[in-house]
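Novice: Dropping in entry-v5.csv, which is CSV, C-alpha atoms (C1' of nucleotides):
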```
chain,number,residue,atom,x,y,z
A,99,MET,CA,154.4,102.2,50.8
A,100,VAL,CA,153.5,103.9,54.1
A,101,VAL,CA,150.1,105.2,53.2
A,102,ASP,CA,147.8,103.5,50.7
A,103,ARG,CA,147.7,106.3,48.1
A,104,SER,CA,145.0,105.0,45.8
A,105,PRO,CA,142.6,107.8,44.7
A,106,ARG,CA,140.6,105.4,42.7
A,107,LEU,CA,139.7,103.3,45.7
A,108,ASP,CA,139.0,106.5,47.6
A,109,LEU,CA,136.4,107.5,44.9
A,110,VAL,CA,134.9,104.0,44.7
A,111,PHE,CA,134.4,103.5,48.4
A,112,HIS,CA,133.2,107.0,48.9
A,113,ALA,CA,130.7,106.4,46.1
A,114,LEU,CA,129.4,103.3,47.8
A,115,ALA,CA,129.1,105.0,51.1
A,116,HIS,CA,125.7,106.6,50.4
A,117,PRO,CA,122.4,104.7,50.4
A,118,ALA,CA,121.0,106.7,47.4
A,119,ARG,CA,124.1,105.8,45.3
A,120,ARG,CA,123.8,102.1,46.3
A,121,ALA,CA,120.2,102.3,45.3
A,122,ILE,CA,121.2,103.7,41.9
A,123,ILE,CA,123.7,100.9,41.4
A,124,ARG,CA,121.1,98.4,42.3
A,125,GLN,CA,118.7,99.8,39.7
A,126,LEU,CA,121.4,99.8,37.1
A,127,SER,CA,122.2,96.2,37.8
A,128,GLY,CA,118.8,95.6,36.0
A,129,GLY,CA,120.2,97.3,32.9
A,130,GLU,CA,120.4,100.7,31.3
A,131,ARG,CA,118.3,103.5,32.9
A,132,ASN,CA,118.0,107.2,32.1
A,133,LEU,CA,118.4,109.8,34.8
A,134,SER,CA,114.7,110.3,35.4
A,135,GLU,CA,114.2,106.6,36.0
A,136,LEU,CA,117.1,106.7,38.4
A,137,ALA,CA,115.9,109.8,40.2
A,138,SER,CA,112.2,109.0,40.6
A,139,PRO,CA,112.5,106.4,43.4
A,140,LEU,CA,114.9,108.5,45.4
A,141,ARG,CA,113.3,110.8,48.0
A,142,MET,CA,115.1,114.0,46.9
A,143,THR,CA,115.0,116.6,44.1
A,144,PHE,CA,116.1,115.7,40.6
A,145,PRO,CA,119.3,117.9,40.7
A,146,ALA,CA,120.3,116.1,43.9
A,147,ALA,CA,119.9,112.7,42.3
A,148,THR,CA,121.9,113.7,39.2
A,149,LYS,CA,124.7,114.9,41.6
A,150,HIS,CA,124.8,111.3,43.0
A,151,VAL,CA,125.0,110.0,39.5
A,152,ARG,CA,128.0,112.2,38.8
A,153,VAL,CA,129.7,110.9,41.9
A,154,LEU,CA,129.3,107.4,40.6
A,155,GLU,CA,130.7,108.6,37.2
A,156,ARG,CA,133.7,110.1,38.9
A,157,ALA,CA,134.4,106.7,40.5
A,158,ASN,CA,134.0,105.1,37.1
A,159,LEU,CA,131.1,103.0,38.4
A,160,VAL,CA,128.7,104.5,35.9
A,161,ARG,CA,129.1,105.3,32.2
A,162,ARG,CA,126.6,107.6,30.5
A,163,ARG,CA,125.6,108.0,26.8
A,164,VAL,CA,123.4,110.6,25.4
A,165,ALA,CA,120.5,109.5,23.2
A,166,GLY,CA,118.4,112.4,22.1
A,167,ARG,CA,117.3,114.3,25.1
A,168,GLN,CA,117.8,111.5,27.5
A,169,HIS,CA,121.0,110.4,29.2
A,170,LEU,CA,121.3,106.6,29.6
A,171,CYS,CA,123.5,105.2,32.3
A,172,ARG,CA,125.0,101.8,32.7
A,173,LEU,CA,127.1,100.1,35.3
A,174,ARG,CA,130.8,99.5,35.0
A,175,ALA,CA,132.3,96.4,36.6
A,176,ALA,CA,136.0,97.1,37.1
A,177,PRO,CA,135.9,99.5,40.0
A,178,LEU,CA,133.7,97.2,42.1
A,179,ARG,CA,136.1,94.4,41.3
A,180,ASP,CA,139.0,96.6,42.5
A,181,ALA,CA,137.2,97.3,45.8
A,182,MET,CA,136.5,93.6,46.3
A,183,LEU,CA,140.1,92.7,45.7
A,184,TRP,CA,141.2,95.2,48.3
A,185,THR,CA,139.0,93.8,51.0
A,186,GLU,CA,139.6,90.2,49.9
A,187,GLN,CA,143.2,90.7,50.6
A,188,PHE,CA,142.4,90.9,54.3
A,189,ARG,CA,139.6,88.4,54.4
A,190,ARG,CA,142.2,85.9,53.3
A,191,ASN,CA,144.4,87.0,56.1
A,192,TRP,CA,141.7,86.2,58.7
A,193,GLU,CA,140.7,83.0,57.1
A,194,ALA,CA,144.3,81.8,57.3
A,195,ARG,CA,144.2,82.8,61.0
A,196,PHE,CA,141.0,80.9,61.5
A,197,GLU,CA,142.4,77.9,59.8
A,198,ALA,CA,145.4,78.1,62.1
A,199,LEU,CA,143.1,78.1,65.0
A,200,ASP,CA,141.1,75.3,63.6
A,201,SER,CA,144.2,73.1,63.1
A,202,LEU,CA,145.3,74.0,66.6
A,203,LEU,CA,142.0,72.8,67.9
A,204,GLU,CA,142.2,69.6,65.9
A,205,GLU,CA,145.7,69.0,67.2
A,206,MET,CA,144.5,69.4,70.8
A,207,LYS,CA,141.6,67.2,70.1
A,208,SER,CA,143.7,64.4,68.7
A,209,GLU,CA,146.3,64.8,71.5
A,210,GLU,CA,143.5,64.4,74.0
A,211,LYS,CA,142.3,61.3,72.2
A,212,SER,CA,145.8,59.6,72.1
A,213,ARG,CA,146.2,60.5,75.8
A,214,SER,CA,142.9,58.9,76.7
A,215,ARG,CA,143.9,55.9,74.7
A,216,ARG,CA,147.2,55.6,76.6
A,217,HIS,CA,145.5,55.9,80.0
B,123,MET,CA,112.7,98.8,49.4
B,124,VAL,CA,113.2,102.0,47.4
B,125,VAL,CA,116.4,103.2,49.0
B,126,ASP,CA,119.1,100.9,50.4
B,127,ARG,CA,118.8,102.1,54.0
B,128,SER,CA,121.8,100.4,55.6
B,129,PRO,CA,123.7,102.7,57.9
B,130,ARG,CA,126.1,99.9,58.7
B,131,LEU,CA,127.2,99.8,55.1
B,132,ASP,CA,127.4,103.6,55.0
B,133,LEU,CA,129.8,103.5,57.9
B,134,VAL,CA,131.9,100.7,56.5
B,135,PHE,CA,132.3,102.1,53.0
B,136,HIS,CA,132.9,105.5,54.3
B,137,ALA,CA,135.6,104.2,56.6
B,138,LEU,CA,137.3,102.5,53.7
B,139,ALA,CA,137.2,105.6,51.6
B,140,HIS,CA,140.3,107.3,53.2
B,141,PRO,CA,143.9,106.2,52.4
B,142,ALA,CA,145.0,106.7,56.0
B,143,ARG,CA,142.3,104.4,57.3
B,144,ARG,CA,143.1,101.8,54.7
B,145,ALA,CA,146.7,102.1,55.8
B,146,ILE,CA,145.6,101.5,59.4
B,147,ILE,CA,143.7,98.4,58.4
B,148,ARG,CA,146.7,97.1,56.5
B,149,GLN,CA,148.8,97.6,59.6
B,150,LEU,CA,146.3,95.9,61.8
B,151,SER,CA,146.2,92.9,59.4
B,152,GLY,CA,149.6,92.2,60.8
B,153,GLY,CA,148.2,91.9,64.3
B,154,GLU,CA,147.4,94.1,67.3
B,155,ARG,CA,148.9,97.6,67.4
B,156,ASN,CA,148.7,100.5,69.8
B,157,LEU,CA,147.7,103.9,68.7
B,158,SER,CA,151.2,105.3,68.5
B,159,GLU,CA,152.3,102.5,66.2
B,160,LEU,CA,149.3,103.1,64.0
B,161,ALA,CA,149.8,106.9,63.9
B,162,SER,CA,153.6,107.1,63.4
B,163,PRO,CA,153.6,106.1,59.7
B,164,LEU,CA,150.8,108.5,58.8
B,165,ARG,CA,151.8,112.0,57.7
B,166,MET,CA,149.6,113.8,60.2
B,167,THR,CA,149.4,114.8,63.8
B,168,PHE,CA,148.6,112.2,66.5
B,169,PRO,CA,145.1,113.5,67.2
B,170,ALA,CA,144.2,113.4,63.5
B,171,ALA,CA,145.3,109.8,63.4
B,172,THR,CA,143.3,108.8,66.4
B,173,LYS,CA,140.3,110.4,64.9
B,174,HIS,CA,140.7,108.0,61.9
B,175,VAL,CA,140.9,105.1,64.3
B,176,ARG,CA,137.6,106.2,65.9
B,177,VAL,CA,136.0,106.3,62.4
B,178,LEU,CA,137.1,102.7,62.0
B,179,GLU,CA,135.6,101.8,65.4
B,180,ARG,CA,132.3,103.4,64.5
B,181,ALA,CA,132.2,101.1,61.5
B,182,ASN,CA,133.0,98.2,63.8
B,183,LEU,CA,136.1,97.5,61.8
B,184,VAL,CA,138.4,98.0,64.8
B,185,ARG,CA,138.1,96.9,68.4
B,186,ARG,CA,140.2,98.5,71.0
B,187,ARG,CA,141.3,97.3,74.4
B,188,VAL,CA,143.1,99.3,77.1
B,189,ALA,CA,146.2,97.9,78.6
B,190,GLY,CA,147.8,100.3,81.1
B,191,ARG,CA,148.5,103.5,79.3
B,192,GLN,CA,148.3,102.1,75.8
B,193,HIS,CA,145.3,101.3,73.7
B,194,LEU,CA,145.6,98.2,71.6
B,195,CYS,CA,143.6,97.9,68.4
B,196,ARG,CA,142.7,94.8,66.4
B,197,LEU,CA,140.8,94.2,63.2
B,198,ARG,CA,137.2,92.9,63.1
B,199,ALA,CA,136.3,90.8,60.1
B,200,ALA,CA,132.5,90.9,59.9
B,201,PRO,CA,131.9,94.4,58.5
B,202,LEU,CA,134.4,93.8,55.6
B,203,ARG,CA,132.5,90.6,54.9
B,204,ASP,CA,129.2,92.5,54.8
B,205,ALA,CA,130.7,95.0,52.3
B,206,MET,CA,132.0,92.2,50.1
B,207,LEU,CA,128.6,90.5,50.2
B,208,TRP,CA,127.0,93.7,49.0
B,209,THR,CA,129.2,93.9,46.0
B,210,GLU,CA,129.0,90.2,45.4
B,211,GLN,CA,125.3,90.7,44.8
B,212,PHE,CA,126.0,92.2,41.4
B,213,ARG,CA,128.4,89.5,40.4
B,214,ARG,CA,126.0,87.9,37.9
B,215,ASN,CA,125.9,91.2,35.9
B,216,TRP,CA,129.4,90.9,34.8
B,217,GLU,CA,130.2,87.2,35.2
B,218,ALA,CA,132.7,87.2,32.4
B,219,ARG,CA,134.8,89.7,34.2
B,220,PHE,CA,134.4,88.0,37.5
B,221,GLU,CA,135.9,84.8,36.0
B,222,ALA,CA,139.1,86.8,35.8
B,223,LEU,CA,138.7,87.8,39.4
B,224,ASP,CA,138.1,84.2,40.4
B,225,SER,CA,141.3,83.0,38.9
B,226,LEU,CA,143.2,85.8,40.5
B,227,LEU,CA,141.7,84.9,43.9
B,228,GLU,CA,142.7,81.2,43.3
B,229,GLU,CA,146.2,82.4,42.6
B,230,MET,CA,146.3,84.4,45.8
B,231,LYS,CA,145.0,81.5,47.7
B,232,SER,CA,147.6,79.0,46.4
B,233,GLU,CA,150.3,81.6,47.0
B,234,GLU,CA,149.2,82.0,50.6
B,235,LYS,CA,149.1,78.3,51.1
B,236,SER,CA,152.6,77.9,49.8
B,237,ARG,CA,153.7,80.8,52.0
B,238,SER,CA,152.2,79.3,55.1
B,239,ARG,CA,153.9,75.9,54.2
B,240,ARG,CA,157.3,77.6,54.1
B,241,HIS,CA,156.8,79.2,57.5
C,22,DG,C1',158.6,112.6,92.9
C,23,DA,C1',160.0,114.2,88.4
C,24,DA,C1',160.1,113.2,83.7
C,25,DA,C1',158.9,110.7,79.8
C,26,DT,C1',155.3,108.2,77.4
C,27,DC,C1',150.6,107.3,75.6
C,28,DG,C1',146.6,109.0,75.0
C,29,DT,C1',142.1,112.3,75.3
C,30,DA,C1',139.6,116.8,74.8
C,31,DA,C1',138.3,121.1,73.1
C,32,DA,C1',138.6,124.9,70.2
C,33,DC,C1',139.2,126.3,65.8
C,34,DC,C1',139.8,126.4,60.6
C,35,DT,C1',139.1,125.0,55.7
C,36,DT,C1',137.0,122.4,52.4
C,37,DA,C1',133.7,118.8,51.0
C,38,DT,C1',129.1,116.9,51.1
C,39,DG,C1',124.3,116.6,50.4
C,40,DG,C1',120.6,119.1,49.9
C,41,DT,C1',117.4,123.0,48.2
C,42,DA,C1',115.3,126.4,44.8
C,43,DT,C1',115.3,128.6,40.6
C,44,DA,C1',116.4,129.6,36.0
C,45,DC,C1',117.8,127.8,31.8
C,46,DT,C1',118.7,124.7,27.3
C,47,DA,C1',117.4,121.2,24.2
C,48,DA,C1',114.8,117.6,22.2
C,49,DA,C1',109.9,115.5,21.3
C,50,DC,C1',105.2,115.8,20.6
C,51,DC,C1',101.1,117.3,19.3
D,205,DG,C1',104.9,127.0,17.1
D,206,DG,C1',103.7,126.1,21.6
D,207,DT,C1',104.2,122.8,25.3
D,208,DT,C1',105.7,118.9,27.6
D,209,DT,C1',109.8,116.2,28.9
D,210,DA,C1',114.8,115.4,30.1
D,211,DG,C1',118.4,117.3,31.8
D,212,DT,C1',122.0,121.2,33.2
D,213,DA,C1',123.8,125.2,35.8
D,214,DT,C1',124.2,128.3,39.4
D,215,DA,C1',123.5,130.1,43.8
D,216,DC,C1',122.8,129.1,48.3
D,217,DC,C1',122.6,126.7,52.8
D,218,DA,C1',123.7,123.5,56.8
D,219,DT,C1',126.4,120.1,58.4
D,220,DA,C1',130.1,116.7,58.1
D,221,DA,C1',135.1,115.7,57.3
D,222,DG,C1',139.8,116.2,57.9
D,223,DG,C1',143.2,118.7,59.7
D,224,DT,C1',145.7,121.8,63.2
D,225,DT,C1',147.1,123.6,67.9
D,226,DT,C1',147.0,123.6,72.6
D,227,DA,C1',146.1,122.0,77.0
D,228,DC,C1',145.3,118.2,80.0
D,229,DG,C1',145.1,113.2,82.3
D,230,DA,C1',147.0,109.0,83.5
D,231,DT,C1',150.7,105.3,83.5
D,232,DT,C1',155.4,104.0,83.4
D,233,DT,C1',160.1,104.7,84.4
D,234,DC,C1',164.1,106.4,86.4
```
Any chance you could give the structure as structure tokens?
Specialist:
Amino acid sequence: MVVDRSPRLDLVFHALAHPARRAIIRQLSGGERNLSELASPLRMTFPAATKHVRVLERANLVRRRVAGRQHLCRLRAAPLRDAMLWTEQFRRNWEARFEALDSLLEEMKSEEKSRSRRH
Amino acid sequence: MVVDRSPRLDLVFHALAHPARRAIIRQLSGGERNLSELASPLRMTFPAATKHVRVLERANLVRRRVAGRQHLCRLRAAPLRDAMLWTEQFRRNWEARFEALDSLLEEMKSEEKSRSRRH
DNA sequence: GAAATCGTAAACCTTATGGTATACTAAACC
DNA sequence: GGTTTAGTATACCATAAGGTTTACGATTTC
């Protein structure tokens, strides 16, 4: 597995890389919203905002259902979980390293203590 | 706080959105590497690979130090942690699903512990 | 000192991204 | 039925992204 071919992660991380899209996600964390509600706080035209929504849909972060003339959007959890798992994989790596450093320091500390007891 | 202005997160998520850059991070999780080592497994020219490294540096995910003629790169933890914290913020919206994530993480943790005991 | 090794720089190309304006469709509301 | 209201579609633009080639600089190594 030379290169991490995972188009799903590509889409998710890319979706999260824009402040407007993160703002949309934050709004949707409060529950279902229609496109107008999502667009209005963003400082851009309506079509631009709906493009961002579509990017989130491509990444499977947002599901849309049509109700009459309005399109209601809701958040999907799974892709965010995948993204977190990918990063977690390496955080664990570093924490292990920090733990190793910590135990090394503890070792040095107790060595010093026993040495000072002997002398 | 209408829009989530956070250029640091922009850079981090954007950096993570490319498979080659994730591959570099995965390599660096094994310790320091020079640019040639990082580039060789990627199916692209050397200059293209070093551009990816620079994207990771802009996001503060990679620190580089020069030693003679080679440039040694290492991973930085903080930005990944920030990215995870951002997603963590929405955890309560899908707690049921995150229970599954928690148990998976516990599994990874105990696996790692047993691995480090063996070594 | 010549040659190999490790890396940068610049020019260039193609495609993607993020935005606009404008015109249009369809449902709701008097 | 006419008019808001909600949203799509298309054309267009500027810039960023991702890649190449080519040429160059600086350390090792023999």
Novice: Select, as a list of chain:residue names, those residues of chain B with any atom no more than 10 Å from chain D (distances computed using only C-alpha atoms (C1' of nucleotides)).
Specialist: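 Per the criterion, chain B yields B:Met166, B:Thr167, B:Pro169, B:Ala170, B:Ala171, B:Lys173, B:His174, B:Ala189, B:Gly190, B:Arg191, B:Gln192.
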Novice: Pull out every residue of chain C that has at least one atom within 10 Å of chain B, counting all atoms listed in the file, and report them as a PyMOL selection string.
Specialist: chain C and resi 26-30
Novice: From the set B:Leu194, B:Val184, B:Leu150, B:Pro163, which residue has the shortest atom-to-atom contact distance to chain A, counting only C-alpha atoms?
Specialist: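 Checking each candidate against chain A, we get B:Pro163 as the closest.
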Novice: Would you compute the distance between CA of Arg155 in chain B and CA of Arg196 in chain B? Give it in Å to one decimal.
Specialist: 6.9 Å
Novice: Could you check how far CA of Leu183 in chain A sits from CA of Arg187 in chain B, in Å to one decimal?
Specialist: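 So the two atoms, CA of Leu183 in chain A and CA of Arg187 in chain B, lie 29.1 Å apart.
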Novice: CA of Val175 in chain B and CA of Trp184 in chain A, how far apart in Å?
Specialist: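 Those two atoms sit 18.8 Å apart.
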Novice: Can you tell me, as a list of chain:residue names, which residues sit within 10 Å of (128.1, 103.3, 58.3) in the file's frame, using all atoms listed in the file?
Specialist: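 Checked against the point, the hits come out as A:Ala115, A:His116, A:Pro117, B:Ser128, B:Pro129, B:Arg130, B:Leu131, B:Asp132, B:Leu133, B:Val134, B:Phe135, B:His136, B:Ala137, B:Val177, B:Leu178, B:Arg180, B:Ala181, B:Asn182, B:Pro201.
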Novice: Atoms to include: C-alpha atoms. Write the selected residues as an mmCIF file, in the coordinates of the input.
Specialist:
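Output below, filename out-v1.cif:
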```cif
data_model
loop_
_atom_site.group_PDB
_atom_site.id
_atom_site.type_symbol
_atom_site.label_atom_id
_atom_site.label_comp_id
_atom_site.auth_asym_id
_atom_site.auth_seq_id
_atom_site.Cartn_x
_atom_site.Cartn_y
_atom_site.Cartn_z
ATOM 1 C CA ALA A 115 129.100 105.000 51.100
ATOM 2 C CA HIS A 116 125.700 106.600 50.400
ATOM 3 C CA PRO A 117 122.400 104.700 50.400
ATOM 4 C CA SER B 128 121.800 100.400 55.600
ATOM 5 C CA PRO B 129 123.700 102.700 57.900
ATOM 6 C CA ARG B 130 126.100 99.900 58.700
ATOM 7 C CA LEU B 131 127.200 99.800 55.100
ATOM 8 C CA ASP B 132 127.400 103.600 55.000
ATOM 9 C CA LEU B 133 129.800 103.500 57.900
ATOM 10 C CA VAL B 134 131.900 100.700 56.500
ATOM 11 C CA PHE B 135 132.300 102.100 53.000
ATOM 12 C CA HIS B 136 132.900 105.500 54.300
ATOM 13 C CA ALA B 137 135.600 104.200 56.600
ATOM 14 C CA VAL B 177 136.000 106.300 62.400
ATOM 15 C CA LEU B 178 137.100 102.700 62.000
ATOM 16 C CA ARG B 180 132.300 103.400 64.500
ATOM 17 C CA ALA B 181 132.200 101.100 61.500
ATOM 18 C CA ASN B 182 133.000 98.200 63.800
ATOM 19 C CA PRO B 201 131.900 94.400 58.500
#
```
Novice: May I ask which of the residues A:Glu135, A:Cys171, A:Arg141, A:Phe188 is the closest one to Leu183 in chain B, counting all atoms listed in the file?
Specialist: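 Of the candidates, the smallest distance to Leu183 in chain B is held by A:Phe188.
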Novice: Which residue out of A:Leu136, A:Glu186, A:Val164, A:Glu155 has the minimum interatomic distance to chain B when all atoms listed in the file are used?
Specialist: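 Using all atoms listed in the file, the shortest distance to chain B belongs to A:Glu186.
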Novice: Save C-alpha atoms (C1' of nucleotides) of chain C from the block above as an mmCIF file, in the first residue's frame.
Specialist:
```
data_model
loop_
_atom_site.group_PDB
_atom_site.id
_atom_site.type_symbol
_atom_site.label_atom_id
_atom_site.label_comp_id
_atom_site.auth_asym_id
_atom_site.auth_seq_id
_atom_site.Cartn_x
_atom_site.Cartn_y
_atom_site.Cartn_z
ATOM 1 C "C1'" DG C 22 38.715 17.725 -9.122
ATOM 2 C "C1'" DA C 23 35.140 14.906 -11.285
ATOM 3 C "C1'" DA C 24 31.060 12.536 -10.538
ATOM 4 C "C1'" DA C 25 27.240 11.185 -8.075
ATOM 5 C "C1'" DT C 26 23.671 12.550 -4.738
ATOM 6 C "C1'" DC C 27 20.152 15.525 -2.658
ATOM 7 C "C1'" DG C 28 17.668 19.178 -3.254
ATOM 8 C "C1'" DT C 29 15.726 24.020 -5.192
ATOM 9 C "C1'" DA C 30 13.845 27.175 -8.816
ATOM 10 C "C1'" DA C 31 11.406 28.604 -12.667
ATOM 11 C "C1'" DA C 32 8.583 28.092 -16.579
ATOM 12 C "C1'" DC C 33 4.791 25.938 -18.264
ATOM 13 C "C1'" DC C 34 0.406 23.234 -18.781
ATOM 14 C "C1'" DT C 35 -4.189 21.319 -17.492
ATOM 15 C "C1'" DT C 36 -7.826 20.963 -14.506
ATOM 16 C "C1'" DA C 37 -10.215 22.144 -10.231
ATOM 17 C "C1'" DT C 38 -12.020 25.608 -7.148
ATOM 18 C "C1'" DG C 39 -14.669 29.415 -5.657
ATOM 19 C "C1'" DG C 40 -17.015 33.021 -6.985
ATOM 20 C "C1'" DT C 41 -20.213 36.065 -9.929
ATOM 21 C "C1'" DA C 42 -24.437 37.268 -12.815
ATOM 22 C "C1'" DT C 43 -28.361 35.918 -15.145
ATOM 23 C "C1'" DA C 44 -32.106 33.257 -16.621
ATOM 24 C "C1'" DC C 45 -35.093 29.753 -15.488
ATOM 25 C "C1'" DT C 46 -38.522 26.078 -12.910
ATOM 26 C "C1'" DA C 47 -41.600 24.949 -9.400
ATOM 27 C "C1'" DA C 48 -44.215 25.333 -5.277
ATOM 28 C "C1'" DA C 49 -46.922 28.557 -1.933
ATOM 29 C "C1'" DC C 50 -49.625 32.366 -1.028
ATOM 30 C "C1'" DC C 51 -52.787 35.762 -1.418
#
```
